[in-house]
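*Asks:* I have a structure here, written as structure tokens, and I will follow up with some questions on it.
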Amino acid sequence: MANVMGASPEFLTDDERYQAIVDRNTAADDVFYYAVLTTGVYCRPSCAARLALRENVSFHSSCEEAEKAGYRACKRCRPNEMKKEERQALAIEKACRLIEEAEDAPDLDTLAEAVGMSRFYFHRTFKAITGVTPKAYSNAHRDDRVRKGLNKSETVTEAIYNAGFNSNGRFYANTEKLLGMKPTSYRKGGKDTEIHFALGECSLGSILVAASEKGICSIILGDDPEIMLQDLQDRFSNAILKGGDTEFEKWVAQVVGFVDDPAIGLDLPLDIRGTAFQQRVWKALVDIPVGSRLSYAEVAEKIGSPKAVRAVASACAANHIAVAIPCHRVVRSDGALSGYRWGVERKQKLLDCEAVAAQ
């Protein structure tokens with residue numbers, strides 16, 4: 001019986017490997033392959049084929065090794081081809097590029113045919129991987145095009161039609177949700193939109209809190225106030241930035257108090273601007289209790305899109321409201337902290353502080 005060279009520590013012995021086959025353990029896929037003497041076929045450990053008797057099973061470190069021993073690839077799990085999940089991911093990536101590059105949004109049948117899937121299967125797979133439907137993805141891309149177009153086009157109307165809106169009415173019906181301000185103001189980089197802000201100090205260093213008339217739109221952590229203010233100015237390039245008044249200073253004090261003592265909670269209105277999927281993720285983050293941590297995969301499960309782990313990570317990275325939208329409470333599946341817009345050390349300090357507060 002062939003031994004597997006360089007196998008994962010979890011599958012060092014033949015007994016461990018056979019148990020992985022019994023369990024159909026996907027973690028063993030690509031670590032080793034198994035062949036069945038009575039059928040002449042080799043498979044991935046997770047193959048759904050009928051379980052073979054132990055005495056008829058041999059183990060191999062690669063497809064090439066199994067084929068050299070005279071076995072042929074299973075037509076069910078296709079061990080010599082890309083995994084089903086990887087094939088699906090590539091197909092959906094192709095569909096996303098088709099949506100992004102088309103002048104007019106492709107319909108569902110066109111997209112499904114382009115990636116070789118049925119209409120229903122494509123729709124289900126697209127949503128599982130991206131976290132949104134093809135239509136929602138197309139709308140989000142169109143919205144992004146109009147945001148960029150407003151800064152380049154000579155008129156608002158030109159930007160609207162170039163982005164793919166069929167009428168002014170459909171655009172203006174969603175303008176506040178899409179832009180957070182009037183389109184003419186957005187086109188001028190937020191001109192005539194007032195953003196109140198204040199800089200302060202907290203246990204994590206410097207902090208900048210900014211708010212529109214709808215609520216807090218930025219909480220920035222850092223070491224250099226000038227860089228932090230530049231960050232705010234880049235987001236709202238032509239908005240009217242005003243120092244906070246006495247009432248706004250109370251908001252800032254609440255934010256600083258929440259950073260230093262998360263157990264007190266934070267009950268302030270937020271001006272959340274992002275795609276529909278990002279907003280779903282951010283709202284899920286707000287529901288994570290103080291002192292708790294979730295993995296990106298668990299957040300994906302929480303919002304009903306278990307395969308959209310990468311999209312969840314991207315949404316966390318796009319968050320501009322530190323602490324109040326607690327993306328610091330999301331870690332990798334192995335417990336590692338991974339990245340954080342405002343520094344991994346601050347992420348660790350936040351988590352340590354919350355762990356104490358939750359006791």
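Naming works like this for the structure tokens: A, B, ... for the chains as they're shown, residue 1 at the start of each chain, ligands 1 onward in shown order.
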With a distance cut-off of 8 Å and only C-alpha atoms, select the neighbouring residues of range 291-308 of chain A, excluding the residue or stretch itself and same-chain residues fewer than 5 positions from it, and output the selection as a count of residues only.

*Replies:* 22

*Asks:* Just list the residues in range 221-348 of chain A DSSP gives strand (DSSP E) on the backbone, as a list in words.

*Replies:*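 In range 221-348 of chain A, DSSP puts these residues in strand (DSSP E): Leu221, Gly222, Ile240, Leu241, Lys242, Gly243, Leu294, Ser295, Val330 and Val331 of chain A.
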
*Asks:* Please save N, CA and C atoms of the selected residues as a tab-separated table (two decimals), in the first residue's frame.

*Replies:*
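Done, and the output landed in selection-v5.tsv:
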chain	number	residue	atom	x	y	z
A	221	LEU	N	-9.25	56.43	13.43
A	221	LEU	CA	-8.23	56.27	14.46
A	221	LEU	C	-6.86	56.42	13.82
A	222	GLY	N	-5.91	56.99	14.55
A	222	GLY	CA	-4.57	57.13	13.98
A	222	GLY	C	-3.59	57.77	14.94
A	240	ILE	N	-18.38	71.17	3.02
A	240	ILE	CA	-18.03	72.23	3.97
A	240	ILE	C	-17.72	71.57	5.30
A	241	LEU	N	-16.43	71.52	5.64
A	241	LEU	CA	-16.01	70.89	6.89
A	241	LEU	C	-16.01	71.95	8.00
A	242	LYS	N	-16.75	71.67	9.04
A	242	LYS	CA	-16.87	72.63	10.14
A	242	LYS	C	-16.46	71.99	11.46
A	243	GLY	N	-15.79	72.76	12.27
A	243	GLY	CA	-15.48	72.28	13.61
A	243	GLY	C	-16.76	72.07	14.39
A	294	LEU	N	-16.39	36.95	15.91
A	294	LEU	CA	-16.90	36.06	14.88
A	294	LEU	C	-15.87	35.96	13.77
A	295	SER	N	-15.83	34.84	13.10
A	295	SER	CA	-14.97	34.71	11.93
A	295	SER	C	-15.70	35.31	10.73
A	330	VAL	N	-14.24	40.92	14.05
A	330	VAL	CA	-14.22	39.85	13.06
A	330	VAL	C	-12.78	39.40	12.85
A	331	VAL	N	-12.56	38.10	13.00
A	331	VAL	CA	-11.21	37.54	12.91
A	331	VAL	C	-11.22	36.38	11.91

*Asks:* Please determine, counting only C-alpha atoms, which residue among A:Arg17, A:Arg346, A:Phe258, A:Asp234 has the shortest atom-to-atom distance to Ser61 in chain A.

*Replies:*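 Residue with the minimum atom-to-atom distance to Ser61 in chain A: A:Arg17.
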
*Asks:* Any idea what the distance is between CA of Ile207 in chain A and CA of Thr246 in chain A?

*Replies:*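 One can read the CA of Ile207 in chain A to CA of Thr246 in chain A distance as 17.4 Å.
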
*Asks:* Considering only helix (DSSP H, G or I) as DSSP defines it on the backbone, what residues of range 221-350 of chain A qualify? List them as an MDAnalysis selection string.

*Replies:* chainID A and resid 225:235 246:260 262:264 276:286 296:302 309:317 327:329 344:350

*Asks:* So what do you get for CA of His328 in chain A versus CA of Lys349 in chain A, distance-wise?

*Replies:*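 Pair CA of His328 in chain A / CA of Lys349 in chain A returns 9.8 Å.
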
*Asks:* Determine, counting only C-alpha atoms, which protein, DNA and RNA residues have an atom within 9 Å of an atom of Val252 in chain A; residues of the same chain fewer than 3 positions away are not included. Present the result as a list in words.

*Replies:* Phe197, Ala198, Leu199, Gly200, Leu208, Val209, Ala210, Gly244, Phe248, Glu249, Val255, Val256 and Gly257 of chain A

*Asks:* Determine the nearest neighbour of Thr38 in chain A from the options A:Asn56, A:Asn139, A:Ser118, A:Asn25, counting only C-alpha atoms.

*Replies:*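 Of all the options, A:Asn56 lies closest to Thr38 in chain A.
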
*Asks:* So the first atom is CA of Glu213 in chain A and the second is CA of Lys347 in chain A; what is the distance between them in Å, to one decimal place?

*Replies:*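 So the two atoms, CA of Glu213 in chain A and CA of Lys347 in chain A, lie 28.9 Å apart.
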